[in-house]
>>> print(open('input_31.pdb').read())   # PDB, C-alpha atoms
ATOM      1  CA  MET A 891     106.188 148.190 105.554
ATOM      2  CA  ASN A 892     108.405 146.547 108.160
ATOM      3  CA  GLU A 893     108.431 142.828 107.359
ATOM      4  CA  TYR A 894     107.868 141.818 110.992
ATOM      5  CA  LEU A 895     104.762 144.002 111.097
ATOM      6  CA  GLN A 896     103.651 142.564 107.764
ATOM      7  CA  LEU A 897     104.079 139.017 109.097
ATOM      8  CA  PHE A 898     102.019 139.900 112.167
ATOM      9  CA  LEU A 899      99.240 141.602 110.187
ATOM     10  CA  VAL A 900      98.972 138.923 107.486
ATOM     11  CA  PHE A 901      98.737 136.101 110.011
ATOM     12  CA  ALA A 902      96.377 138.142 112.207
ATOM     13  CA  GLN A 903      94.151 138.522 109.157
ATOM     14  CA  VAL A 904      94.243 134.743 108.637
ATOM     15  CA  GLY A 905      93.706 134.181 112.358
ATOM     16  CA  VAL A 906      90.439 136.134 112.261
ATOM     17  CA  CYS A 907      89.001 133.218 110.242
ATOM     18  CA  THR A 908      89.150 130.939 113.268
ATOM     19  CA  PHE A 909      85.758 129.336 112.718
ATOM     20  CA  GLY A 910      86.343 125.612 112.395
ATOM     21  CA  GLY A 911      89.941 125.602 113.590
ATOM     22  CA  GLY A 912      93.167 125.202 111.665
ATOM     23  CA  TYR A 913      91.817 123.261 108.700
ATOM     24  CA  ALA A 914      89.371 126.015 107.783
ATOM     25  CA  MET A 915      92.332 128.422 107.571
ATOM     26  CA  LEU A 916      94.313 126.315 105.085
ATOM     27  CA  PRO A 917      92.799 127.754 101.882
ATOM     28  CA  ILE A 918      93.216 131.273 103.288
ATOM     29  CA  LEU A 919      96.866 130.526 104.113
ATOM     30  CA  GLN A 920      97.332 129.215 100.571
ATOM     31  CA  ARG A 921      95.952 132.428  99.088
ATOM     32  CA  GLU A 922      97.784 134.850 101.388
ATOM     33  CA  VAL A 923     101.176 133.142 101.691
ATOM     34  CA  VAL A 924     101.630 131.466  98.296
ATOM     35  CA  GLU A 925      99.421 133.215  95.761
ATOM     36  CA  LYS A 926      99.482 136.843  96.958
ATOM     37  CA  ARG A 927     102.916 137.198  98.581
ATOM     38  CA  GLY A 928     105.067 134.316  97.307
ATOM     39  CA  TRP A 929     106.541 133.744 100.760
ATOM     40  CA  CYS A 930     106.767 130.035  99.964
ATOM     41  CA  SER A 931     105.804 127.667  97.167
ATOM     42  CA  GLY A 932     102.704 125.474  97.141
ATOM     43  CA  ASP A 933     104.896 122.420  97.737
ATOM     44  CA  GLU A 934     106.611 124.069 100.703
ATOM     45  CA  LEU A 935     103.254 125.031 102.198
ATOM     46  CA  ALA A 936     102.024 121.447 101.770
ATOM     47  CA  ASP A 937     105.161 120.275 103.617
ATOM     48  CA  TYR A 938     104.459 122.796 106.393
ATOM     49  CA  PHE A 939     100.881 121.482 106.633
ATOM     50  CA  ALA A 940     102.157 117.916 106.893
ATOM     51  CA  ILE A 941     104.728 118.758 109.568
ATOM     52  CA  GLY A 942     102.215 120.976 111.361
ATOM     53  CA  GLN A 943      99.765 118.069 111.444
ATOM     54  CA  CYS A 944     102.175 115.716 113.168
ATOM     55  CA  THR A 945     103.623 118.206 115.668
ATOM     56  CA  PRO A 946     101.831 119.383 118.820
ATOM     57  CA  GLY A 947      99.499 122.326 118.428
ATOM     58  CA  VAL A 948      97.060 123.712 115.887
ATOM     59  CA  ILE A 949      98.074 123.091 112.277
ATOM     60  CA  ALA A 950      97.536 126.716 111.184
ATOM     61  CA  VAL A 951      99.571 128.078 114.101
ATOM     62  CA  ASN A 952     102.385 125.630 113.395
ATOM     63  CA  THR A 953     102.304 126.579 109.717
ATOM     64  CA  ALA A 954     102.508 130.278 110.612
ATOM     65  CA  THR A 955     105.570 129.519 112.735
ATOM     66  CA  PHE A 956     107.258 127.705 109.837
ATOM     67  CA  VAL A 957     106.498 130.462 107.314
ATOM     68  CA  GLY A 958     107.629 133.203 109.725
ATOM     69  CA  SER A 959     110.839 131.309 110.458
ATOM     70  CA  LYS A 960     111.534 130.926 106.761
ATOM     71  CA  ARG A 961     111.070 134.665 106.202
ATOM     72  CA  LYS A 962     112.858 136.137 109.230
ATOM     73  CA  GLY A 963     114.325 133.331 111.328
ATOM     74  CA  VAL A 964     113.263 132.670 114.919
ATOM     75  CA  PRO A 965     111.958 136.228 115.540
ATOM     76  CA  GLY A 966     109.835 135.944 112.395
ATOM     77  CA  GLY A 967     108.426 132.626 113.579
ATOM     78  CA  ILE A 968     107.478 134.161 116.932
ATOM     79  CA  ILE A 969     105.876 137.238 115.325
ATOM     80  CA  ALA A 970     103.890 135.156 112.807
ATOM     81  CA  THR A 971     102.700 132.856 115.595
ATOM     82  CA  LEU A 972     101.615 135.805 117.746
ATOM     83  CA  GLY A 973      99.776 137.269 114.754
ATOM     84  CA  MET A 974      97.934 134.007 114.166
ATOM     85  CA  VAL A 975      96.773 133.544 117.778
ATOM     86  CA  PHE A 976      96.055 137.185 118.679
ATOM     87  CA  PRO A 977      92.606 137.410 117.016
ATOM     88  CA  SER A 978      91.601 134.057 118.509
ATOM     89  CA  VAL A 979      92.451 135.202 122.022
ATOM     90  CA  VAL A 980      90.434 138.390 121.571
ATOM     91  CA  ILE A 981      87.443 136.669 119.937
ATOM     92  CA  ILE A 982      87.340 133.787 122.426
ATOM     93  CA  THR A 983      87.567 136.188 125.349
ATOM     94  CA  ILE A 984      84.615 138.198 124.023
ATOM     95  CA  ILE A 985      82.567 135.097 123.228
ATOM     96  CA  ALA A 986      83.271 133.564 126.640
ATOM     97  CA  ALA A 987      82.114 136.749 128.328
ATOM     98  CA  PHE A 988      78.831 137.024 126.426
ATOM     99  CA  LEU A 989      77.912 133.593 124.976
ATOM    100  CA  GLN A 990      75.941 132.413 127.996
ATOM    101  CA  ASN A 991      73.678 135.437 127.649
ATOM    102  CA  PHE A 992      72.850 134.659 124.005
ATOM    103  CA  ALA A 993      73.294 130.874 123.588
ATOM    104  CA  HIS A 994      69.574 130.172 124.177
ATOM    105  CA  ILE A 995      68.429 132.493 121.365
ATOM    106  CA  PRO A 996      67.363 130.412 118.316
ATOM    107  CA  ALA A 997      68.960 132.867 115.862
ATOM    108  CA  VAL A 998      72.365 132.304 117.488
ATOM    109  CA  GLY A 999      71.987 128.531 117.102
ATOM    110  CA  HIS A1000      71.017 128.948 113.445
ATOM    111  CA  ALA A1001      73.998 131.242 112.846
ATOM    112  CA  PHE A1002      76.371 128.620 114.299
ATOM    113  CA  ALA A1003      74.761 125.954 112.089
ATOM    114  CA  GLY A1004      75.521 128.129 109.063
ATOM    115  CA  VAL A1005      79.093 128.670 110.213
ATOM    116  CA  ARG A1006      79.593 124.909 110.618
ATOM    117  CA  ALA A1007      78.361 124.316 107.048
ATOM    118  CA  ALA A1008      80.766 126.960 105.733
ATOM    119  CA  VAL A1009      83.641 125.358 107.645
ATOM    120  CA  VAL A1010      82.984 122.005 105.944
ATOM    121  CA  ALA A1011      83.128 123.752 102.562
ATOM    122  CA  LEU A1012      86.419 125.487 103.472
ATOM    123  CA  ILE A1013      87.965 122.200 104.584
ATOM    124  CA  ALA A1014      86.804 120.484 101.372
ATOM    125  CA  SER A1015      88.342 123.327  99.353
ATOM    126  CA  SER A1016      91.582 122.903 101.263
ATOM    127  CA  VAL A1017      91.651 119.164 100.572
ATOM    128  CA  TRP A1018      91.031 119.802  96.870
ATOM    129  CA  LYS A1019      93.853 122.363  96.588
ATOM    130  CA  LEU A1020      96.299 120.238  98.580
ATOM    131  CA  GLY A1021      95.426 117.178  96.514
ATOM    132  CA  LYS A1022      96.171 118.980  93.253
ATOM    133  CA  THR A1023      99.631 120.024  94.427
ATOM    134  CA  THR A1024     100.705 116.948  96.394
ATOM    135  CA  ILE A1025      99.254 113.848  94.698
ATOM    136  CA  LYS A1026     101.497 113.619  91.656
ATOM    137  CA  ASN A1027     101.609 109.891  90.899
ATOM    138  CA  TRP A1028      99.670 106.658  91.292
ATOM    139  CA  TRP A1029     101.255 105.641  94.595
ATOM    140  CA  GLY A1030     100.487 109.045  96.112
ATOM    141  CA  GLY A1031      96.849 108.572  95.104
ATOM    142  CA  ALA A1032      96.808 105.053  96.542
ATOM    143  CA  LEU A1033      98.352 106.281  99.786
ATOM    144  CA  PHE A1034      95.764 109.072  99.999
ATOM    145  CA  ALA A1035      92.930 106.573  99.499
ATOM    146  CA  ALA A1036      94.346 104.170 102.104
ATOM    147  CA  VAL A1037      94.787 106.864 104.769
ATOM    148  CA  LEU A1038      91.342 108.304 103.989
ATOM    149  CA  LEU A1039      89.723 104.880 104.485
ATOM    150  CA  LEU A1040      91.679 104.241 107.669
ATOM    151  CA  SER A1041      90.664 107.662 109.003
ATOM    152  CA  VAL A1042      86.983 107.171 108.176
ATOM    153  CA  PHE A1043      86.871 103.712 109.753
ATOM    154  CA  SER A1044      89.389 104.234 112.574
ATOM    155  CA  GLU A1045      86.719 104.152 115.314
ATOM    156  CA  ALA A1046      85.367 100.839 114.015
ATOM    157  CA  LEU A1047      88.890  99.412 113.673
ATOM    158  CA  ARG A1048      89.752 100.420 117.241
ATOM    159  CA  GLY A1049      86.589  98.666 118.415
ATOM    160  CA  LEU A1050      87.377  95.510 116.432
ATOM    161  CA  LEU A1051      91.049  95.406 117.421
ATOM    162  CA  PRO A1052      91.307  96.967 120.906
ATOM    163  CA  ALA A1053      94.805  95.571 121.474
ATOM    164  CA  LEU A1054      95.994  97.448 118.357
ATOM    165  CA  ALA A1055      93.900 100.594 118.914
ATOM    166  CA  PHE A1056      97.056 102.742 119.185
ATOM    167  CA  LEU A1057      97.779 102.013 115.496
ATOM    168  CA  PHE A1058      94.591 103.705 114.291
ATOM    169  CA  THR A1059      95.520 107.308 115.042
ATOM    170  CA  PRO A1060      96.452 110.248 112.779
ATOM    171  CA  VAL A1061     100.024 110.336 114.118
ATOM    172  CA  ILE A1062     100.605 106.711 113.092
ATOM    173  CA  TYR A1063      99.034 107.364 109.674
ATOM    174  CA  VAL A1064     101.389 110.303 109.059
ATOM    175  CA  ILE A1065     104.452 108.327 110.185
ATOM    176  CA  LEU A1066     103.518 105.310 108.042
ATOM    177  CA  ALA A1067     102.786 107.518 105.019
ATOM    178  CA  GLY A1068     106.182 109.181 105.418
ATOM    179  CA  ALA A1069     107.850 105.762 105.640
ATOM    180  CA  VAL A1070     106.038 104.548 102.516
ATOM    181  CA  GLY A1071     106.981 107.718 100.626
ATOM    182  CA  LEU A1072     110.626 107.297 101.614
ATOM    183  CA  ALA A1073     110.639 103.595 100.697
ATOM    184  CA  VAL A1074     109.041 104.200  97.283
ATOM    185  CA  THR A1075     111.442 107.069  96.515
ATOM    186  CA  LEU A1076     114.464 104.972  97.516
ATOM    187  CA  ALA A1077     113.205 102.062  95.422
ATOM    188  CA  GLN A1078     112.673 104.311  92.385
ATOM    189  CA  THR A1079     116.079 105.966  92.847
ATOM    190  CA  GLY A1080     117.722 102.559  93.149
ATOM    191  CA  LYS A1081     116.200 101.556  89.829
ATOM    192  CA  GLY A1082     117.597 104.646  88.123
ATOM    193  CA  GLY A1083     114.416 106.681  88.502
ATOM    194  CA  THR A1084     114.181 110.258  89.600
ATOM    195  CA  GLY A1085     112.273 109.477  92.790
ATOM    196  CA  THR A1086     109.222 111.540  91.759
TER     197      THR A1086
END
>>> encode(input="input_31.pdb", output="structure tokens")
Amino acid sequence: MNEYLQLFLVFAQVGVCTFGGGYAMLPILQREVVEKRGWCSGDELADYFAIGQCTPGVIAVNTATFVGSKRKGVPGGIIATLGMVFPSVVIITIIAAFLQNFAHIPAVGHAFAGVRAAVVALIASSVWKLGKTTIKNWWGGALFAAVLLLSVFSEALRGLLPALAFLFTPVIYVILAGAVGLAVTLAQTGKGGTGT
């Protein structure tokens, strides 16, 4: 099969699982891109997730762009991105046209409640898989715990420290975590370590 068509179809298949946004797609991306096709390694995909999180746009769409670019350059990135968003555009268009007619039906509300529960499970699965491949040492675990606590309590921290509210945002957490990772690696390398 033409690789451009394969990129489009694989990411369209992932894009069908749009319930819950980009995070719900992460375990599906892991399975399709790393485990089934070997288009990138688990570490590379984790890097794409991290970069996708701190760049504008949906994390899954950004990740598709990175994977497509790795496979077939800029055209591959465009095709993978189009594949990822195509199902969403179709599904959202259909839902927008008909949702108002069915939103009041109790069964529809119950179905969405079930979907939301499934999304939480998919996100938890994604966190578990990412944690196993990316947290490789004690300082990585400590950094994970610190960012998790800051994320959970960021609203309270912004309320307590309104002048510093801009510090308690995901973008700042990602930048600070990157800076800590770089500093620790440089310190370990300077001491004759391997930096891992």
>>> resolve_selection(input="input_31.pdb", expression="the PyMOL selection byres ((chain A and resi 1045) around 12)", output="number ranges by chain")
A: 1039-1044, 1046-1052, 1054-1060
>>> atom_distance(input="input_31.pdb", atom1="atom CA of A:Met974", atom2="atom CA of A:Ala902")
4.8 Å
>>> resolve_selection(input="input_31.pdb", expression="the PyMOL selection byres ((chain A and resi 900) around 9)", output="PyMOL selection string")
chain A and resi 895-899+901-905+922-923+970+973-974
>>> resolve_selection(input="input_31.pdb", expression="the PyMOL selection byres ((chain A and resi 936) around 10)", output="list in words")
Leu916, Gln920, Cys930, Ser931, Gly932, Asp933, Glu934, Leu935, Asp937, Tyr938, Phe939, Ala940, Ile941, Gly942, Thr953, Lys1019, Leu1020, Gly1021, Thr1023 and Thr1024 of chain A
>>> closest_residue(input="input_31.pdb", among="A:Phe1002, A:Val1074, A:Ile949, A:Tyr894", to="A:Gly967", atoms="only C-alpha atoms")
A:Tyr894
>>> atom_distance(input="input_31.pdb", atom1="atom CA of A:Gly1071", atom2="atom CA of A:Trp1018")
20.4 Å
>>> atom_distance(input="input_31.pdb", atom1="atom CA of A:Thr1075", atom2="atom CA of A:Asn1027")
11.7 Å
>>> closest_residue(input="input_31.pdb", among="A:Ser1016, A:Pro917, A:Cys944, A:Ala1067", to="A:Gly1031", atoms="all atoms listed in the file")
A:Ala1067
>>> closest_residue(input="input_31.pdb", among="A:Ala1003, A:Met915, A:Cys907, A:Val964", to="A:Val948", atoms="only C-alpha atoms")
A:Met915
>>> residues_around(input="input_31.pdb", residues="A:Val1061", least_positions_apart="5", cutoff="9 Å", atoms="only C-alpha atoms", output="PyMOL selection string")
chain A and resi 943-945+1066
>>> closest_residue(input="input_31.pdb", among="A:Ala1036, A:Leu1072, A:Glu893, A:Val1005", to="A:Gly963", atoms="only C-alpha atoms")
A:Glu893
